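Text of the file protein31.csv, holding CSV, C-alpha atoms and all ligand atoms:
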chain,number,residue,atom,x,y,z
A,1,MET,CA,10.1,32.1,10.6
A,2,MET,CA,9.5,28.6,9.8
A,3,ASN,CA,10.3,27.2,6.3
A,4,LYS,CA,7.0,25.9,5.1
A,5,SER,CA,8.6,23.9,2.2
A,6,GLN,CA,10.4,21.8,4.8
A,7,LEU,CA,7.1,21.2,6.6
A,8,GLN,CA,5.1,19.4,4.0
A,9,VAL,CA,4.0,17.0,6.6
A,10,GLU,CA,3.5,17.7,10.2
A,11,ALA,CA,5.2,15.4,12.6
A,12,ILE,CA,3.2,12.7,14.4
A,13,HIS,CA,3.5,11.5,18.0
A,14,ASN,CA,2.9,7.8,17.5
A,15,GLY,CA,2.0,5.8,14.4
A,16,THR,CA,3.2,5.0,10.9
A,17,VAL,CA,4.4,7.3,8.1
A,18,ILE,CA,4.3,5.9,4.6
A,19,ASP,CA,6.4,8.1,2.4
A,20,HIS,CA,7.5,8.1,-1.2
A,21,ILE,CA,4.3,6.6,-2.6
A,22,PRO,CA,4.1,7.2,-6.3
A,23,ALA,CA,1.6,10.0,-6.9
A,24,GLY,CA,-1.9,8.6,-7.6
A,25,GLN,CA,-1.4,5.4,-5.5
A,26,GLY,CA,-2.1,7.0,-2.1
A,27,ILE,CA,-5.8,6.7,-2.3
A,28,LYS,CA,-5.6,3.1,-3.4
A,29,ILE,CA,-3.4,2.3,-0.5
A,30,LEU,CA,-5.8,3.9,1.9
A,31,GLN,CA,-8.5,1.6,0.6
A,32,LEU,CA,-6.3,-1.5,0.5
A,33,PHE,CA,-5.5,-1.3,4.2
A,34,GLY,CA,-8.9,-0.1,5.2
A,35,LEU,CA,-7.1,2.8,6.9
A,36,ALA,CA,-9.9,5.2,6.3
A,37,GLN,CA,-12.3,3.0,8.3
A,38,THR,CA,-10.3,3.3,11.5
A,39,HIS,CA,-11.0,6.1,13.9
A,40,GLU,CA,-7.4,7.2,14.1
A,41,LYS,CA,-6.3,10.5,12.7
A,42,ILE,CA,-5.0,10.2,9.2
A,43,THR,CA,-3.2,12.8,7.2
A,44,VAL,CA,-2.8,12.3,3.5
A,45,GLY,CA,-0.7,14.4,1.2
A,46,LEU,CA,-1.2,14.0,-2.5
A,47,ASN,CA,1.0,15.2,-5.3
A,48,LEU,CA,3.7,16.6,-3.1
A,49,PRO,CA,7.0,17.6,-4.8
A,50,SER,CA,9.6,14.9,-4.6
A,51,LYS,CA,13.1,14.9,-6.0
A,52,ALA,CA,13.2,11.2,-6.6
A,53,LEU,CA,9.7,10.6,-7.9
A,54,GLY,CA,8.7,14.0,-9.3
A,55,ALA,CA,5.5,13.9,-7.3
A,56,LYS,CA,4.6,11.7,-4.4
A,57,ASP,CA,1.8,10.8,-2.0
A,58,ILE,CA,2.3,10.4,1.7
A,59,ILE,CA,0.1,8.9,4.4
A,60,LYS,CA,0.4,9.3,8.1
A,61,VAL,CA,-1.7,7.2,10.5
A,62,GLU,CA,-1.6,7.9,14.1
A,63,ASN,CA,-1.6,5.2,16.8
A,64,THR,CA,-1.3,2.4,14.2
A,65,ARG,CA,1.6,0.2,13.4
A,66,LEU,CA,1.8,-1.3,9.9
A,67,SER,CA,2.6,-5.0,10.2
A,68,ALA,CA,5.4,-6.6,8.1
A,69,ALA,CA,2.7,-8.4,6.1
A,70,GLN,CA,0.9,-5.1,5.3
A,71,ALA,CA,4.2,-3.5,4.3
A,72,ASN,CA,4.7,-6.3,1.8
A,73,GLN,CA,1.2,-5.7,0.4
A,74,LEU,CA,2.2,-2.1,0.2
A,75,ALA,CA,5.1,-3.1,-2.1
A,76,LEU,CA,2.5,-4.1,-4.7
A,77,PHE,CA,1.6,-0.5,-5.3
A,78,ALA,CA,4.6,1.5,-4.0
A,79,PRO,CA,7.7,-0.6,-4.2
A,80,GLN,CA,9.9,2.4,-3.3
A,81,ALA,CA,7.8,3.6,-0.4
A,82,THR,CA,9.4,4.0,2.9
A,83,VAL,CA,7.6,3.0,6.1
A,84,ASN,CA,8.6,4.5,9.3
A,85,LEU,CA,7.2,3.5,12.7
A,86,ILE,CA,7.1,6.5,15.0
A,87,GLU,CA,7.1,6.6,18.8
A,88,ASP,CA,7.3,9.8,20.7
A,89,PHE,CA,8.1,11.8,17.5
A,90,GLU,CA,11.1,9.5,16.8
A,91,VAL,CA,11.6,6.9,14.0
A,92,VAL,CA,12.0,3.7,16.0
A,93,GLU,CA,11.8,1.3,13.0
A,94,LYS,CA,12.0,1.3,9.2
A,95,LEU,CA,10.1,-1.5,7.6
A,96,GLN,CA,11.7,-3.1,4.5
A,97,LEU,CA,9.2,-3.8,1.7
A,98,GLN,CA,9.3,-7.1,-0.1
A,99,LEU,CA,7.0,-8.1,-2.9
A,100,PRO,CA,4.8,-10.9,-1.5
A,101,GLU,CA,4.6,-14.2,-3.5
A,102,LYS,CA,0.8,-14.3,-3.1
A,103,VAL,CA,-2.1,-12.2,-2.0
A,104,GLU,CA,-5.1,-13.8,-0.4
A,105,GLY,CA,-8.5,-12.3,0.5
A,106,VAL,CA,-7.6,-8.7,-0.5
A,107,PHE,CA,-8.6,-8.2,-4.1
A,108,SER,CA,-11.6,-9.6,-6.0
A,109,CYS,CA,-10.8,-11.1,-9.4
A,110,PRO,CA,-11.1,-8.6,-12.3
A,111,ASN,CA,-12.5,-11.4,-14.5
A,112,SER,CA,-16.3,-11.2,-14.1
A,113,ASN,CA,-16.6,-14.8,-15.3
A,114,CYS,CA,-14.2,-16.1,-12.7
A,115,ILE,CA,-15.8,-18.8,-10.4
A,116,SER,CA,-14.4,-17.0,-7.4
A,117,HIS,CA,-17.4,-14.6,-7.7
A,118,ASN,CA,-20.0,-17.4,-7.4
A,119,GLU,CA,-18.3,-19.6,-4.9
A,120,PRO,CA,-17.7,-18.8,-1.2
A,121,VAL,CA,-13.9,-18.9,-1.7
A,122,THR,CA,-11.1,-16.6,-0.6
A,123,SER,CA,-9.5,-14.8,-3.6
A,124,LYS,CA,-6.0,-15.9,-4.3
A,125,PHE,CA,-3.4,-14.4,-6.6
A,126,ARG,CA,0.2,-15.3,-7.3
A,127,VAL,CA,2.4,-12.2,-7.6
A,128,ARG,CA,5.2,-11.9,-10.2
A,129,ALA,CA,7.2,-9.0,-11.3
A,130,VAL,CA,7.7,-9.1,-15.1
A,131,ASP,CA,10.0,-6.4,-16.5
A,132,GLY,CA,9.4,-4.3,-13.5
A,133,GLN,CA,5.6,-4.6,-13.8
A,134,VAL,CA,3.7,-6.4,-11.1
A,135,ARG,CA,1.3,-9.0,-12.4
A,136,PHE,CA,-1.4,-10.9,-10.5
A,137,ARG,CA,-2.4,-14.4,-11.6
A,138,CYS,CA,-5.7,-15.6,-10.3
A,139,ARG,CA,-5.6,-19.1,-8.8
A,140,TYR,CA,-9.1,-19.9,-10.0
A,141,CYS,CA,-9.4,-18.6,-13.6
A,142,GLU,CA,-5.6,-18.6,-14.2
A,143,LYS,CA,-5.8,-15.2,-15.9
A,144,SER,CA,-3.1,-12.7,-15.3
A,145,PHE,CA,-3.7,-9.0,-14.5
A,146,HIS,CA,-1.8,-5.7,-14.3
A,147,ARG,CA,-2.0,-4.1,-10.9
A,148,ASP,CA,-4.0,-1.2,-12.1
A,149,MET,CA,-6.9,-3.6,-12.8
A,150,MET,CA,-6.9,-4.9,-9.2
A,151,ALA,CA,-9.7,-3.5,-7.0
A,152,VAL,CA,-10.4,-4.1,-3.4
B,1,ZN,ZN,-10.1,-15.2,-11.4

Reformat the file's structure so that it appears as structure tokens.
Ligand SMILES: [Zn+2]
Amino acid sequence: MMNKSQLQVEAIHNGTVIDHIPAGQGIKILQLFGLAQTHEKITVGLNLPSKALGAKDIIKVENTRLSAAQANQLALFAPQATVNLIEDFEVVEKLQLQLPEKVEGVFSCPNSNCISHNEPVTSKFRVRAVDGQVRFRCRYCEKSFHRDMMAV
């Protein structure tokens, strides 16, 4: 008999496993990386039991390697996430997450009066962690936003 509680997530052959995502951030991360638009097989687990987090989300993407830059963007939403690159069912690399200093061209500015909405410019935000909270400061309107306000 197989122990189902140990098999929350089925193994993948080749690809990337993003684990220990705080529950609720998994969907946002899928949007952020445009993962759902690829044609690769993606398995998403939401609200799985986790000793460390209470509840967690997990994303597995087949035949896709998350780049170091993508892993850093991931750190914005899931600083404690683990990213394992899988080849032939084995973990061949664990990516370290580092908060990026800036994010360009990913989010649009939450300030509807920001000139970045009317000009053909790339959105640019400085990223800072203040008391453990990630803040985004728009390069154009200079306003600062909590990460929950950021939309892709
Ligand atoms: Zn702005």

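With only C-alpha atoms and all ligand atoms counted, the chains near ligand ZN 1 (chain B) contribute these residues within 6 Å: Cys109, Asn111, Cys114, Cys138, Tyr140 and Cys141 of chain A.
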
Atom pair atom CA of A:Leu32 / atom CA of A:Val92: separation (Å):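 Atom CA of A:Val92 lies at a distance of 24.5 Å from atom CA of A:Leu32.
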
Neighbour list for A:Val44 as number ranges by chain, cut-off 9 Å, only C-alpha atoms, skip fewer than 5 positions in-chain: A: 9, 26-27, 57-61

Contacts of A:Gln80 within 9 Å, only C-alpha atoms, excl. fewer than 6 positions in-chain, as a list of chain:residue names: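 Close residues of A:Gln80: A:Asp19, A:His20, A:Ile21, A:Pro22, A:Leu97.
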
For atom CA of A:Met150 and atom CA of A:Ser108, the interatomic separation in Å (one decimal):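 The value is 7.4 Å.
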
Nearest-residue call for A:Ile18, choices A:Gln70, A:Thr82, A:Ser50, A:Thr64, using only C-alpha atoms: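 Closest residue, counting only C-alpha atoms: A:Thr82.
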
Option closest in space to A:Ala129, from A:Phe107, A:Phe33, A:Phe77, A:Phe89 [counting all atoms listed in the file]: A:Phe77

Gap from atom CA of A:Pro100 to atom CA of A:Ile29 - Å, one decimal: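 A separation of 15.6 Å between them.
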
Given all atoms listed in the file as the counted atoms, nearest of A:Pro110, A:Asn47, A:Ala71, A:Leu99 to A:Gly132: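 Closest residue, counting all atoms listed in the file: A:Leu99.
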
N, CA and C atoms modelled onto stretch 93-112 of chain A, as a CSV table (one decimal), in the coordinates of the input:
chain,number,residue,atom,x,y,z
A,93,GLU,N,11.6,2.4,13.9
A,93,GLU,CA,11.8,1.3,13.0
A,93,GLU,C,11.5,1.7,11.6
A,94,LYS,N,12.3,1.2,10.7
A,94,LYS,CA,12.0,1.3,9.2
A,94,LYS,C,11.6,-0.1,8.7
A,95,LEU,N,10.5,-0.2,8.1
A,95,LEU,CA,10.1,-1.5,7.6
A,95,LEU,C,10.6,-1.7,6.2
A,96,GLN,N,11.2,-2.8,5.9
A,96,GLN,CA,11.7,-3.1,4.5
A,96,GLN,C,10.5,-3.7,3.7
A,97,LEU,N,10.3,-3.3,2.5
A,97,LEU,CA,9.2,-3.8,1.7
A,97,LEU,C,9.7,-4.9,0.8
A,98,GLN,N,9.0,-6.0,0.8
A,98,GLN,CA,9.3,-7.1,-0.1
A,98,GLN,C,8.0,-7.5,-0.8
A,99,LEU,N,8.1,-7.7,-2.1
A,99,LEU,CA,7.0,-8.1,-2.9
A,99,LEU,C,6.5,-9.5,-2.3
A,100,PRO,N,5.2,-9.6,-1.9
A,100,PRO,CA,4.8,-10.9,-1.5
A,100,PRO,C,4.6,-11.9,-2.7
A,101,GLU,N,4.7,-13.2,-2.4
A,101,GLU,CA,4.6,-14.2,-3.5
A,101,GLU,C,3.1,-14.4,-3.8
A,102,LYS,N,2.3,-14.2,-2.8
A,102,LYS,CA,0.8,-14.3,-3.1
A,102,LYS,C,0.0,-13.4,-2.2
A,103,VAL,N,-1.2,-13.1,-2.7
A,103,VAL,CA,-2.1,-12.2,-2.0
A,103,VAL,C,-3.4,-12.9,-1.8
A,104,GLU,N,-3.9,-13.1,-0.6
A,104,GLU,CA,-5.1,-13.8,-0.4
A,104,GLU,C,-6.1,-12.9,0.3
A,105,GLY,N,-7.4,-12.9,-0.2
A,105,GLY,CA,-8.5,-12.3,0.5
A,105,GLY,C,-8.5,-10.8,0.4
A,106,VAL,N,-7.7,-10.2,-0.4
A,106,VAL,CA,-7.6,-8.7,-0.5
A,106,VAL,C,-8.4,-8.2,-1.7
A,107,PHE,N,-8.0,-8.7,-2.9
A,107,PHE,CA,-8.6,-8.2,-4.1
A,107,PHE,C,-9.7,-9.2,-4.6
A,108,SER,N,-10.7,-8.7,-5.3
A,108,SER,CA,-11.6,-9.6,-6.0
A,108,SER,C,-11.0,-9.7,-7.5
A,109,CYS,N,-11.3,-10.8,-8.1
A,109,CYS,CA,-10.8,-11.1,-9.4
A,109,CYS,C,-11.4,-10.1,-10.5
A,110,PRO,N,-10.6,-9.5,-11.3
A,110,PRO,CA,-11.1,-8.6,-12.3
A,110,PRO,C,-11.9,-9.3,-13.4
A,111,ASN,N,-11.8,-10.6,-13.5
A,111,ASN,CA,-12.5,-11.4,-14.5
A,111,ASN,C,-13.9,-11.7,-14.0
A,112,SER,N,-14.9,-11.0,-14.6
A,112,SER,CA,-16.3,-11.2,-14.1
A,112,SER,C,-16.8,-12.6,-14.3
